[in-house]
file model39.txt (compact mmCIF, C-alpha atoms)
# COMPACT_ATOMS: atom_id res chain seq x y z
CA MET A 28 68.54 -25.85 21.33
CA LYS A 29 70.66 -26.95 24.25
CA ASP A 30 69.34 -28.13 27.61
CA THR A 31 65.79 -26.77 27.85
CA THR A 32 65.82 -26.59 31.67
CA LEU A 33 68.92 -24.39 31.63
CA VAL A 34 67.47 -22.09 28.99
CA VAL A 35 64.24 -21.73 30.98
CA ALA A 36 66.26 -20.95 34.12
CA GLY A 37 68.22 -18.30 32.20
CA MET A 38 64.99 -16.79 30.84
CA ALA A 39 63.45 -16.70 34.32
CA THR A 40 66.57 -15.01 35.73
CA LEU A 41 66.53 -12.38 32.99
CA SER A 42 62.79 -11.71 33.39
CA ALA A 43 62.81 -11.47 37.18
CA GLY A 44 65.99 -9.39 37.29
CA THR A 45 64.71 -6.95 34.67
CA TYR A 46 61.50 -6.48 36.65
CA ALA A 47 63.59 -5.84 39.77
CA PHE A 48 65.55 -3.11 37.92
CA ARG A 49 62.29 -1.54 36.71
CA LEU A 50 60.93 -1.48 40.24
CA SER A 51 63.99 -0.45 42.25
CA GLY A 52 64.53 2.94 40.59
CA GLN A 53 60.93 3.92 41.35
CA VAL A 54 61.15 2.68 44.94
CA LEU A 55 64.31 4.76 45.48
CA ARG A 56 62.66 7.79 43.92
CA ALA A 57 59.61 7.46 46.17
CA LYS A 58 61.77 7.15 49.30
CA ILE A 59 63.93 10.19 48.69
CA SER A 60 62.53 13.59 47.75
CA PHE A 61 64.76 15.29 45.22
CA PRO A 62 65.09 19.05 44.69
CA PRO A 63 63.87 20.17 41.21
CA ARG A 64 67.44 20.64 40.00
CA VAL A 65 68.28 17.01 40.74
CA THR A 66 65.04 15.92 39.06
CA ARG A 67 66.09 17.73 35.87
CA LEU A 68 69.50 16.13 36.14
CA LEU A 69 67.91 12.68 36.42
CA GLU A 70 65.86 13.35 33.28
CA ALA A 71 68.99 14.49 31.46
CA ALA A 72 70.69 11.28 32.63
CA ALA A 73 67.95 9.25 30.94
CA VAL A 74 68.53 11.16 27.68
CA ILE A 75 72.29 10.53 27.95
CA LEU A 76 71.64 6.79 28.47
CA LEU A 77 69.39 6.71 25.42
CA ALA A 78 71.93 8.62 23.30
CA ALA A 79 74.64 6.13 24.30
CA LEU A 80 72.24 3.31 23.39
CA VAL A 81 71.74 4.90 19.95
CA ALA A 82 75.50 5.22 19.41
CA THR A 83 76.34 1.66 20.47
CA THR A 84 73.46 -0.03 18.63
CA ALA A 85 74.15 2.00 15.48
CA LEU A 86 77.93 1.66 15.35
CA THR A 87 78.84 -1.58 17.09
CA GLU A 88 78.08 -5.28 16.83
CA GLY A 89 79.46 -7.39 19.67
CA HIS A 90 82.77 -5.75 20.55
CA GLY A 91 83.53 -4.42 17.07
CA PHE A 92 82.38 -2.09 14.32
CA SER A 93 78.97 -2.86 12.83
CA GLY A 94 79.98 -1.94 9.27
CA PHE A 95 78.95 1.19 7.39
CA ALA A 96 75.42 0.39 6.24
CA ARG A 97 73.66 0.59 9.61
CA PRO A 98 75.26 3.80 10.97
CA ALA A 99 74.74 5.46 7.56
CA GLY A 100 71.02 4.69 7.80
CA VAL A 101 70.87 5.98 11.38
CA LEU A 102 72.81 9.12 10.39
CA VAL A 103 70.31 9.90 7.62
CA ALA A 104 67.51 9.32 10.14
CA GLY A 105 69.20 11.69 12.58
CA VAL A 106 69.49 14.48 10.01
CA LEU A 107 65.84 14.01 9.01
CA ALA A 108 64.72 14.02 12.66
CA TRP A 109 66.74 17.19 13.33
CA ARG A 110 64.97 18.82 10.37
CA LYS A 111 61.64 17.77 11.91
CA ALA A 112 60.70 15.22 9.27
CA PRO A 113 57.68 13.06 10.20
CA PHE A 114 58.52 10.14 12.49
CA LEU A 115 57.55 7.46 9.96
CA VAL A 116 59.79 9.05 7.30
CA VAL A 117 62.71 9.09 9.76
CA VAL A 118 62.41 5.43 10.72
CA LEU A 119 61.70 4.12 7.20
CA ALA A 120 64.61 6.16 5.83
CA ALA A 121 66.95 4.43 8.29
CA ALA A 122 65.83 0.98 7.15
CA ALA A 123 65.76 1.96 3.45
CA VAL A 124 69.23 3.55 3.37
CA THR A 125 70.73 0.59 5.24
CA ALA A 126 68.98 -1.95 2.99
CA LEU A 127 69.98 -0.13 -0.21
CA LEU A 128 73.62 0.16 0.89
CA ARG A 129 73.68 -3.60 1.60
CA LEU A 130 72.04 -4.26 -1.76
CA ALA A 131 74.88 -2.24 -3.31
CA GLY A 132 77.39 -4.46 -1.53
CA VAL A 133 78.29 -2.14 1.37
CA SER A 134 78.15 -4.11 4.60
CA MET B 9 36.85 -0.10 19.04
CA SER B 10 34.57 2.79 20.06
CA SER B 11 35.72 2.45 23.67
CA ILE B 12 39.31 2.79 22.50
CA ARG B 13 38.38 5.91 20.56
CA ARG B 14 36.60 7.34 23.59
CA THR B 15 39.64 6.64 25.77
CA LEU B 16 41.91 8.37 23.29
CA GLU B 17 39.57 11.38 22.99
CA ARG B 18 39.60 11.77 26.76
CA SER B 19 43.37 11.51 26.85
CA PRO B 20 45.36 14.66 27.58
CA LEU B 21 47.64 13.96 24.63
CA SER B 22 47.54 15.73 21.29
CA THR B 23 46.79 13.80 18.11
CA ALA B 24 50.39 14.38 17.03
CA VAL B 25 51.76 12.65 20.15
CA LEU B 26 49.28 9.78 19.76
CA THR B 27 50.33 9.39 16.12
CA ASP B 28 53.99 9.29 17.11
CA ILE B 29 53.25 6.65 19.75
CA GLY B 30 51.37 4.59 17.14
CA LEU B 31 54.24 4.84 14.65
CA THR B 32 56.76 3.95 17.36
CA CYS B 33 54.76 0.82 18.18
CA LEU B 34 54.67 -0.03 14.47
CA ALA B 35 58.47 0.23 14.36
CA VAL B 36 58.68 -1.94 17.50
CA PHE B 37 56.50 -4.49 15.69
CA PHE B 38 58.94 -4.60 12.76
CA ILE B 39 61.95 -4.95 15.06
CA GLY B 40 60.01 -7.74 16.82
CA LEU B 41 59.61 -9.47 13.44
CA SER B 42 63.38 -9.52 12.97
CA TYR B 43 63.89 -10.71 16.57
CA GLY B 44 61.52 -13.66 16.14
CA ALA B 45 63.09 -14.55 12.81
CA VAL B 46 66.64 -14.34 14.21
CA ALA B 47 65.70 -16.49 17.25
CA VAL B 48 64.20 -19.25 15.10
CA ALA B 49 67.11 -19.06 12.64
CA SER B 50 69.47 -19.53 15.62
CA GLY B 51 67.78 -22.83 16.44
CA PHE B 52 65.30 -21.82 19.15
CA PRO B 53 61.72 -23.11 19.19
CA LEU B 54 58.95 -20.53 18.80
CA TRP B 55 58.07 -20.47 22.50
CA VAL B 56 61.46 -18.99 23.45
CA PRO B 57 61.09 -15.63 21.63
CA ALA B 58 57.36 -15.68 22.48
CA ALA B 59 57.91 -16.06 26.23
CA GLN B 60 60.97 -13.78 26.31
CA SER B 61 59.23 -10.96 24.46
CA LEU B 62 56.30 -11.06 26.88
CA LEU B 63 58.17 -11.64 30.17
CA VAL B 64 61.40 -9.70 29.62
CA LEU B 65 59.89 -7.06 27.30
CA ALA B 66 63.25 -5.39 26.61
CA GLY B 67 64.43 -5.94 23.05
CA ALA B 68 68.19 -5.41 23.19
CA SER B 69 68.68 -7.86 26.08
CA GLU B 70 66.60 -10.52 24.33
CA PHE B 71 68.65 -10.26 21.13
CA LEU B 72 71.76 -10.59 23.31
CA PHE B 73 70.42 -13.61 25.23
CA VAL B 74 69.53 -15.47 22.05
CA GLY B 75 72.86 -14.54 20.46
CA ILE B 76 75.00 -15.71 23.39
CA VAL B 77 73.16 -19.01 23.89
CA ALA B 78 73.18 -19.69 20.13
CA ALA B 79 76.95 -19.08 20.09
CA GLY B 80 77.38 -21.78 22.74
CA GLY B 81 77.40 -19.59 25.86
CA SER B 82 75.65 -20.73 29.01
CA PRO B 83 72.07 -19.48 29.44
CA PHE B 84 73.02 -18.17 32.87
CA ALA B 85 75.86 -16.05 31.46
CA ALA B 86 73.44 -14.88 28.76
CA ALA B 87 70.94 -13.86 31.46
CA LEU B 88 73.62 -11.89 33.33
CA ALA B 89 74.65 -10.11 30.12
CA GLY B 90 70.99 -9.30 29.46
CA LEU B 91 70.60 -7.96 33.00
CA LEU B 92 73.60 -5.71 32.50
CA VAL B 93 71.93 -4.27 29.40
CA ASN B 94 68.65 -3.85 31.28
CA SER B 95 70.21 -2.16 34.32
CA ARG B 96 69.43 1.17 32.58
CA HIS B 97 65.83 0.67 33.77
CA LEU B 98 66.95 1.61 37.27
CA PRO B 99 67.89 5.20 36.30
CA TYR B 100 64.70 5.28 34.18
CA GLY B 101 62.71 4.60 37.35
CA LEU B 102 64.58 7.44 39.06
CA ALA B 103 63.79 9.81 36.18
CA LEU B 104 60.03 9.16 36.18
CA PRO B 105 57.97 11.31 38.57
CA PRO B 106 56.12 9.18 41.16
CA GLY B 107 52.63 8.20 39.99
CA VAL B 108 53.43 7.84 36.30
CA THR B 109 53.62 4.05 36.57
CA GLY B 110 50.37 3.92 38.54
CA ARG B 111 49.54 3.28 42.18
CA GLY B 112 48.65 0.16 44.18
CA TRP B 113 48.27 -3.05 42.18
CA ARG B 114 48.32 -1.06 38.92
CA ARG B 115 51.93 -0.23 39.59
CA LEU B 116 52.79 -3.95 39.37
CA VAL B 117 51.58 -3.82 35.75
CA GLY B 118 52.88 -0.30 35.09
CA THR B 119 56.36 -1.29 36.23
CA HIS B 120 56.50 -4.06 33.63
CA LEU B 121 55.56 -1.53 30.90
CA MET B 122 58.74 0.48 31.53
CA ASN B 123 60.87 0.48 28.39
CA ASP B 124 62.96 2.87 26.29
CA GLU B 125 59.94 4.05 24.30
CA SER B 126 57.38 4.51 27.10
CA VAL B 127 59.97 6.37 29.20
CA VAL B 128 60.89 8.82 26.42
CA PHE B 129 57.24 9.62 25.68
CA ALA B 130 56.48 10.10 29.37
CA LEU B 131 59.43 12.43 29.91
CA ALA B 132 58.49 14.50 26.84
CA GLN B 133 55.07 15.50 28.24
CA GLU B 134 54.57 18.58 30.37
CA ASP B 135 52.24 17.65 33.23
CA LEU B 136 51.80 14.48 35.27
CA ARG B 137 48.44 13.53 33.70
CA ALA B 138 49.91 13.68 30.19
CA LYS B 139 53.07 11.87 31.31
CA ARG B 140 50.96 9.07 32.78
CA ALA B 141 48.79 8.78 29.67
CA ALA B 142 51.79 8.70 27.32
CA TYR B 143 53.55 6.10 29.46
CA TRP B 144 50.57 3.73 29.61
CA ILE B 145 49.41 4.08 26.01
CA CYS B 146 52.93 3.56 24.68
CA GLY B 147 53.56 0.79 27.24
CA PHE B 148 50.45 -1.14 26.19
CA GLY B 149 51.28 -0.57 22.53
CA VAL B 150 54.72 -2.09 23.02
CA VAL B 151 53.42 -5.02 25.10
CA ILE B 152 51.16 -5.91 22.15
CA CYS B 153 53.49 -5.08 19.25
CA TRP B 154 56.77 -6.52 20.53
CA PRO B 155 55.53 -10.05 21.37
CA GLY B 156 53.16 -9.94 18.38
CA GLY B 157 56.02 -9.08 16.06
CA ALA B 158 58.29 -11.68 17.67
CA VAL B 159 55.76 -14.51 17.25
CA LEU B 160 54.94 -13.56 13.66
CA GLY B 161 58.65 -13.20 12.93
CA ALA B 162 59.32 -16.65 14.36
CA LEU B 163 56.53 -18.08 12.19
CA ILE B 164 57.89 -16.58 8.97
CA GLY B 165 61.51 -16.89 10.16
CA SER B 166 62.05 -20.17 8.36
CA ALA B 167 61.19 -18.45 5.07
CA VAL B 168 63.23 -15.24 5.46
CA HIS B 169 66.72 -15.85 6.80
CA ASP B 170 68.53 -12.56 6.38
CA THR B 171 66.36 -9.90 8.04
CA ASN B 172 69.36 -7.56 8.00
CA ALA B 173 68.90 -7.33 4.23
CA PHE B 174 65.85 -5.17 4.92
CA GLY B 175 67.78 -2.82 7.18
CA LEU B 176 65.57 -3.66 10.17
CA ASP B 177 68.60 -3.46 12.49
CA ALA B 178 68.85 0.29 11.76
CA MET B 179 65.27 0.88 12.96
CA PHE B 180 65.86 0.60 16.72
CA PRO B 181 68.60 3.28 16.96
CA ALA B 182 66.63 5.46 14.51
CA VAL B 183 63.47 5.20 16.63
CA ILE B 184 65.28 6.16 19.84
CA LEU B 185 67.18 8.97 18.10
CA ALA B 186 63.98 10.42 16.65
CA LEU B 187 62.44 10.36 20.11
CA ILE B 188 65.27 12.17 21.93
CA VAL B 189 66.11 14.71 19.20
CA LYS B 190 63.82 17.24 20.91
CA ASP B 191 65.93 17.09 24.09
CA LEU B 192 69.15 17.31 22.10
CA ARG B 193 68.23 20.80 20.83
CA ASP B 194 69.33 22.00 24.28
CA SER B 195 73.03 22.55 23.58
CA ARG B 196 74.13 21.57 27.10
CA ILE B 197 72.25 18.29 26.92
CA LEU B 198 73.54 17.71 23.38
CA ARG B 199 77.12 18.17 24.57
CA ALA B 200 76.60 15.77 27.49
CA ALA B 201 74.83 13.23 25.25
CA LEU B 202 77.68 13.32 22.70
CA ALA B 203 80.22 12.89 25.49
CA GLY B 204 78.21 9.98 26.89
CA ALA B 205 77.97 8.37 23.45
CA ALA B 206 81.75 8.77 22.96
CA ILE B 207 82.44 7.16 26.36
CA ALA B 208 80.15 4.22 25.52
CA LEU B 209 81.74 3.72 22.08
CA ALA B 210 85.27 3.91 23.48
CA ALA B 211 84.42 1.30 26.14
CA THR B 212 82.59 -1.13 23.84
CA PRO B 213 85.66 -3.09 22.62
CA PHE B 214 86.79 -3.77 26.20
CA LEU B 215 83.69 -4.21 28.35
CA PRO B 216 80.79 -6.69 28.30
CA ALA B 217 77.64 -5.47 26.51
CA GLY B 218 75.48 -3.11 28.56
CA LEU B 219 78.28 -1.75 30.72
CA PRO B 220 79.43 0.87 28.15
CA VAL B 221 75.95 2.44 28.09
CA LEU B 222 75.97 2.70 31.89
CA LEU B 223 79.45 4.27 31.81
CA ALA B 224 77.96 7.01 29.63
CA LEU B 225 76.22 8.28 32.76
CA ALA B 226 79.58 9.84 33.73
CA ALA B 227 78.70 12.55 31.20
CA VAL B 228 76.04 13.79 33.64
CA LEU B 229 78.96 15.42 35.46
CA LEU B 230 79.13 17.93 32.58
CA LEU B 231 75.68 19.15 33.65
CA VAL B 232 76.20 19.19 37.39
CA ARG B 233 77.86 22.57 37.76
CA GLU B 234 76.21 24.53 34.95
CA PRO B 235 72.49 24.39 35.85
CA ALA B 236 73.17 26.24 39.10
CA ARG B 237 74.54 29.17 37.15
CA ALA B 238 71.74 28.99 34.59
CA ALA B 239 69.15 28.97 37.37
CA ASP B 240 70.66 32.10 38.86
CA GLU B 241 70.47 33.91 35.55
CA ARG B 242 66.87 33.09 34.78
CA PRO B 243 63.79 34.28 36.69
CA ALA B 244 62.16 31.52 38.74
CA PRO B 245 58.80 31.24 36.85
CA VAL B 246 60.58 30.32 33.61
CA ARG B 247 62.01 27.22 35.27
CA GLU B 248 58.52 25.99 36.13
CA GLY B 249 57.71 23.22 33.62
CA ALA B 250 60.54 24.42 31.42
CA ARG B 251 60.72 21.08 29.64
call {"tool": "encode", "arguments": {"input": "model39.txt", "output": "structure tokens"}}
result
Amino acid sequence: MKDTTLVVAGMATLSAGTYAFRLSGQVLRAKISFPPRVTRLLEAAAVILLAALVATTALTEGHGFSGFARPAGVLVAGVLAWRKAPFLVVVLAAAAVTALLRLAGVS
Amino acid sequence: MSSIRRTLERSPLSTAVLTDIGLTCLAVFFIGLSYGAVAVASGFPLWVPAAQSLLVLAGASEFLFVGIVAAGGSPFAAALAGLLVNSRHLPYGLALPPGVTGRGWRRLVGTHLMNDESVVFALAQEDLRAKRAAYWICGFGVVICWPGGAVLGALIGSAVHDTNAFGLDAMFPAVILALIVKDLRDSRILRAALAGAAIALAATPFLPAGLPVLLALAAVLLLVREPARAADERPAPVREGAR
């Protein structure tokens, strides 16, 4: 590992900043009273963020394509989840499909 | 053990929800294993993933931090990249009804427990009591399973080098997808979510990590006009606790 002091400083920055993000949204929410319609919109915004997180973590690695194995596993998981398969089945299917594809030489 | 069982029996959550939270935490544990193993394989001592997992408690940003520093980037740049990824916690805080994260000194702890999983489970519950219970139970589960997995992963990391061979990297998106699929059955939200995902994917080659996901928020605009019309069409009582 490189300079330990620098790494610790980076870790402290990331920890403190993340906590600040976690806190600031709540503080804003407590200060302003939102009408119910806006509240529903904020909840929908969280779902949109999570969906974008799914898409980027499934399909990309760095700035490029992640390869086929991972998105294929996530796609199978998505279909199973849509068909109301048990949660454990969904998540294990994602890992299993991805692992099997890699075993077969598909990256 | 019996006190845990009593707490769970008193909880306003159904057994099905509690089971899902348990399985989610198990998945988080496995992702933690791969994180710890990757960190050690990248040349970090065990205390780095251990401290990160406990103090940052946000998986994606920790993977990114370790990856950037291992690739020769400065730890400060890595921290900024991680913060960009974690900026989604601000809209999470806006989405949570006040009181879910606790009041007084408890909120200092409750705030730290905010993560993708605890937020989804909280939003999925109907009333405030259930939202609070789901948030805290899932939050505590993650605060145990994520660092626990990371430390164990770092310990066995020297033995298993290629955690991707087990498909563990597909587990995180699968977990989140399984958790939001209920919301996606609403066709308007599905359309907005797909648009948001497309925006994020299109931006990924050009923007630093974390920013594309935030850009996806533009898709909220698709929902801004329509709910007003929908609210006019439906009688008021139906809107009450419609989620």
call {"tool": "interface_residues", "arguments": {"input": "model39.txt", "of": "chain B", "to": "chain A", "cutoff": "7 Å", "atoms": "only C-alpha atoms", "output": "VMD selection string"}}
result
chain B and resid 28 31 51 to 52 60 63 to 64 83 to 84 87 90 to 91 94 to 95 97 to 103 106 119 to 120 122 173 to 176 178 to 179 181 to 186 188 to 189 197 200 to 201 204 to 205 208 to 209 212 to 213 221 to 222 224 to 225 228
call {"tool": "write_last_selection", "arguments": {"input": "model39.txt", "atoms": "C-alpha atoms", "output": "PDB file, in the frame of the given file"}}
result
ATOM      1  CA  ASP B  28      53.990   9.290  17.110  1.00  0.00           C
ATOM      2  CA  LEU B  31      54.240   4.840  14.650  1.00  0.00           C
ATOM      3  CA  GLY B  51      67.780 -22.830  16.440  1.00  0.00           C
ATOM      4  CA  PHE B  52      65.300 -21.820  19.150  1.00  0.00           C
ATOM      5  CA  GLN B  60      60.970 -13.780  26.310  1.00  0.00           C
ATOM      6  CA  LEU B  63      58.170 -11.640  30.170  1.00  0.00           C
ATOM      7  CA  VAL B  64      61.400  -9.700  29.620  1.00  0.00           C
ATOM      8  CA  PRO B  83      72.070 -19.480  29.440  1.00  0.00           C
ATOM      9  CA  PHE B  84      73.020 -18.170  32.870  1.00  0.00           C
ATOM     10  CA  ALA B  87      70.940 -13.860  31.460  1.00  0.00           C
ATOM     11  CA  GLY B  90      70.990  -9.300  29.460  1.00  0.00           C
ATOM     12  CA  LEU B  91      70.600  -7.960  33.000  1.00  0.00           C
ATOM     13  CA  ASN B  94      68.650  -3.850  31.280  1.00  0.00           C
ATOM     14  CA  SER B  95      70.210  -2.160  34.320  1.00  0.00           C
ATOM     15  CA  HIS B  97      65.830   0.670  33.770  1.00  0.00           C
ATOM     16  CA  LEU B  98      66.950   1.610  37.270  1.00  0.00           C
ATOM     17  CA  PRO B  99      67.890   5.200  36.300  1.00  0.00           C
ATOM     18  CA  TYR B 100      64.700   5.280  34.180  1.00  0.00           C
ATOM     19  CA  GLY B 101      62.710   4.600  37.350  1.00  0.00           C
ATOM     20  CA  LEU B 102      64.580   7.440  39.060  1.00  0.00           C
ATOM     21  CA  ALA B 103      63.790   9.810  36.180  1.00  0.00           C
ATOM     22  CA  PRO B 106      56.120   9.180  41.160  1.00  0.00           C
ATOM     23  CA  THR B 119      56.360  -1.290  36.230  1.00  0.00           C
ATOM     24  CA  HIS B 120      56.500  -4.060  33.630  1.00  0.00           C
ATOM     25  CA  MET B 122      58.740   0.480  31.530  1.00  0.00           C
ATOM     26  CA  ALA B 173      68.900  -7.330   4.230  1.00  0.00           C
ATOM     27  CA  PHE B 174      65.850  -5.170   4.920  1.00  0.00           C
ATOM     28  CA  GLY B 175      67.780  -2.820   7.180  1.00  0.00           C
ATOM     29  CA  LEU B 176      65.570  -3.660  10.170  1.00  0.00           C
ATOM     30  CA  ALA B 178      68.850   0.290  11.760  1.00  0.00           C
ATOM     31  CA  MET B 179      65.270   0.880  12.960  1.00  0.00           C
ATOM     32  CA  PRO B 181      68.600   3.280  16.960  1.00  0.00           C
ATOM     33  CA  ALA B 182      66.630   5.460  14.510  1.00  0.00           C
ATOM     34  CA  VAL B 183      63.470   5.200  16.630  1.00  0.00           C
ATOM     35  CA  ILE B 184      65.280   6.160  19.840  1.00  0.00           C
ATOM     36  CA  LEU B 185      67.180   8.970  18.100  1.00  0.00           C
ATOM     37  CA  ALA B 186      63.980  10.420  16.650  1.00  0.00           C
ATOM     38  CA  ILE B 188      65.270  12.170  21.930  1.00  0.00           C
ATOM     39  CA  VAL B 189      66.110  14.710  19.200  1.00  0.00           C
ATOM     40  CA  ILE B 197      72.250  18.290  26.920  1.00  0.00           C
ATOM     41  CA  ALA B 200      76.600  15.770  27.490  1.00  0.00           C
ATOM     42  CA  ALA B 201      74.830  13.230  25.250  1.00  0.00           C
ATOM     43  CA  GLY B 204      78.210   9.980  26.890  1.00  0.00           C
ATOM     44  CA  ALA B 205      77.970   8.370  23.450  1.00  0.00           C
ATOM     45  CA  ALA B 208      80.150   4.220  25.520  1.00  0.00           C
ATOM     46  CA  LEU B 209      81.740   3.720  22.080  1.00  0.00           C
ATOM     47  CA  THR B 212      82.590  -1.130  23.840  1.00  0.00           C
ATOM     48  CA  PRO B 213      85.660  -3.090  22.620  1.00  0.00           C
ATOM     49  CA  VAL B 221      75.950   2.440  28.090  1.00  0.00           C
ATOM     50  CA  LEU B 222      75.970   2.700  31.890  1.00  0.00           C
ATOM     51  CA  ALA B 224      77.960   7.010  29.630  1.00  0.00           C
ATOM     52  CA  LEU B 225      76.220   8.280  32.760  1.00  0.00           C
ATOM     53  CA  VAL B 228      76.040  13.790  33.640  1.00  0.00           C
TER      54      VAL B 228
END
call {"tool": "atom_distance", "arguments": {"input": "model39.txt", "atom1": "atom CA of Leu121 of chain B", "atom2": "atom CA of Ile152 of chain B"}}
result
10.7 Å
call {"tool": "closest_residue", "arguments": {"input": "model39.txt", "among": "B:Val36, B:Leu187, B:Ile29, B:Val127", "to": "Gly67 of chain B", "atoms": "all atoms listed in the file"}}
result
B:Val36
call {"tool": "atom_distance", "arguments": {"input": "model39.txt", "atom1": "atom CA of Ser50 of chain B", "atom2": "atom CA of Gly156 of chain B"}}
result
19.1 Å
call {"tool": "atom_distance", "arguments": {"input": "model39.txt", "atom1": "atom CA of Leu54 of chain B", "atom2": "atom CA of Pro155 of chain B"}}
result
11.3 Å
call {"tool": "closest_residue", "arguments": {"input": "model39.txt", "among": "B:Ala85, B:Val93, B:Cys33, B:Leu136", "to": "Thr109 of chain B", "atoms": "all atoms listed in the file"}}
result
B:Leu136
call {"tool": "residues_around", "arguments": {"input": "model39.txt", "residues": "segment 19-24 of chain B", "least_positions_apart": "2", "cutoff": "12 Å", "atoms": "all atoms listed in the file", "output": "PDB file with C-alpha atoms, in the coordinates of the input"}}
result
ATOM      1  CA  PRO A 113      57.680  13.060  10.200  1.00  0.00           C
ATOM      2  CA  PHE A 114      58.520  10.140  12.490  1.00  0.00           C
TER       3      PHE A 114
ATOM      4  CA  ILE B  12      39.310   2.790  22.500  1.00  0.00           C
ATOM      5  CA  ARG B  13      38.380   5.910  20.560  1.00  0.00           C
ATOM      6  CA  ARG B  14      36.600   7.340  23.590  1.00  0.00           C
ATOM      7  CA  THR B  15      39.640   6.640  25.770  1.00  0.00           C
ATOM      8  CA  LEU B  16      41.910   8.370  23.290  1.00  0.00           C
ATOM      9  CA  GLU B  17      39.570  11.380  22.990  1.00  0.00           C
ATOM     10  CA  LEU B  26      49.280   9.780  19.760  1.00  0.00           C
ATOM     11  CA  THR B  27      50.330   9.390  16.120  1.00  0.00           C
ATOM     12  CA  ASP B  28      53.990   9.290  17.110  1.00  0.00           C
ATOM     13  CA  ILE B  29      53.250   6.650  19.750  1.00  0.00           C
ATOM     14  CA  GLY B  30      51.370   4.590  17.140  1.00  0.00           C
ATOM     15  CA  LEU B  31      54.240   4.840  14.650  1.00  0.00           C
ATOM     16  CA  PHE B 129      57.240   9.620  25.680  1.00  0.00           C
ATOM     17  CA  ALA B 130      56.480  10.100  29.370  1.00  0.00           C
ATOM     18  CA  ALA B 132      58.490  14.500  26.840  1.00  0.00           C
ATOM     19  CA  GLN B 133      55.070  15.500  28.240  1.00  0.00           C
ATOM     20  CA  GLU B 134      54.570  18.580  30.370  1.00  0.00           C
ATOM     21  CA  ASP B 135      52.240  17.650  33.230  1.00  0.00           C
ATOM     22  CA  LEU B 136      51.800  14.480  35.270  1.00  0.00           C
ATOM     23  CA  ARG B 137      48.440  13.530  33.700  1.00  0.00           C
ATOM     24  CA  ALA B 138      49.910  13.680  30.190  1.00  0.00           C
ATOM     25  CA  LYS B 139      53.070  11.870  31.310  1.00  0.00           C
ATOM     26  CA  ARG B 140      50.960   9.070  32.780  1.00  0.00           C
ATOM     27  CA  ALA B 141      48.790   8.780  29.670  1.00  0.00           C
ATOM     28  CA  ALA B 142      51.790   8.700  27.320  1.00  0.00           C
ATOM     29  CA  TYR B 143      53.550   6.100  29.460  1.00  0.00           C
ATOM     30  CA  TRP B 144      50.570   3.730  29.610  1.00  0.00           C
ATOM     31  CA  ILE B 145      49.410   4.080  26.010  1.00  0.00           C
ATOM     32  CA  CYS B 146      52.930   3.560  24.680  1.00  0.00           C
TER      33      CYS B 146
END
call {"tool": "axis_aligned_box", "arguments": {"input": "model39.txt", "around": "segment 117-126 of chain B", "padding_each_side": "5 Å", "output": "AutoDock Vina command-line options"}}
result
--center_x 57.3 --center_y 0.2 --center_z 30.3 --size_x 21.4 --size_y 18.6 --size_z 21.9
call {"tool": "build_atoms", "arguments": {"input": "model39.txt", "residues": "segment 71-82 of chain A", "atoms": "N, CA and C atoms", "output": "PDB file, in the frame of the given file"}}
result
ATOM      1  N   ALA A  71      67.891  14.361  32.423  1.00  0.00           N
ATOM      2  CA  ALA A  71      68.990  14.490  31.460  1.00  0.00           C
ATOM      3  C   ALA A  71      69.796  13.198  31.409  1.00  0.00           C
ATOM      4  N   ALA A  72      69.955  12.542  32.585  1.00  0.00           N
ATOM      5  CA  ALA A  72      70.690  11.280  32.630  1.00  0.00           C
ATOM      6  C   ALA A  72      70.021  10.233  31.766  1.00  0.00           C
ATOM      7  N   ALA A  73      68.672  10.212  31.772  1.00  0.00           N
ATOM      8  CA  ALA A  73      67.950   9.250  30.940  1.00  0.00           C
ATOM      9  C   ALA A  73      68.216   9.524  29.460  1.00  0.00           C
ATOM     10  N   VAL A  74      68.253  10.810  29.081  1.00  0.00           N
ATOM     11  CA  VAL A  74      68.530  11.160  27.680  1.00  0.00           C
ATOM     12  C   VAL A  74      69.948  10.739  27.289  1.00  0.00           C
ATOM     13  N   ILE A  75      70.908  10.930  28.220  1.00  0.00           N
ATOM     14  CA  ILE A  75      72.290  10.530  27.950  1.00  0.00           C
ATOM     15  C   ILE A  75      72.378   9.006  27.753  1.00  0.00           C
ATOM     16  N   LEU A  76      71.677   8.256  28.612  1.00  0.00           N
ATOM     17  CA  LEU A  76      71.640   6.790  28.470  1.00  0.00           C
ATOM     18  C   LEU A  76      71.110   6.400  27.096  1.00  0.00           C
ATOM     19  N   LEU A  77      70.022   7.054  26.694  1.00  0.00           N
ATOM     20  CA  LEU A  77      69.390   6.710  25.420  1.00  0.00           C
ATOM     21  C   LEU A  77      70.314   7.077  24.252  1.00  0.00           C
ATOM     22  N   ALA A  78      71.010   8.222  24.363  1.00  0.00           N
ATOM     23  CA  ALA A  78      71.930   8.620  23.300  1.00  0.00           C
ATOM     24  C   ALA A  78      73.073   7.615  23.179  1.00  0.00           C
ATOM     25  N   ALA A  79      73.574   7.132  24.329  1.00  0.00           N
ATOM     26  CA  ALA A  79      74.640   6.130  24.300  1.00  0.00           C
ATOM     27  C   ALA A  79      74.128   4.821  23.688  1.00  0.00           C
ATOM     28  N   LEU A  80      72.864   4.512  23.965  1.00  0.00           N
ATOM     29  CA  LEU A  80      72.240   3.310  23.390  1.00  0.00           C
ATOM     30  C   LEU A  80      72.157   3.445  21.872  1.00  0.00           C
ATOM     31  N   VAL A  81      71.789   4.652  21.389  1.00  0.00           N
ATOM     32  CA  VAL A  81      71.740   4.900  19.950  1.00  0.00           C
ATOM     33  C   VAL A  81      73.120   4.690  19.333  1.00  0.00           C
ATOM     34  N   ALA A  82      74.146   5.298  19.966  1.00  0.00           N
ATOM     35  CA  ALA A  82      75.500   5.220  19.410  1.00  0.00           C
ATOM     36  C   ALA A  82      75.991   3.779  19.348  1.00  0.00           C
TER      37      ALA A  82
END
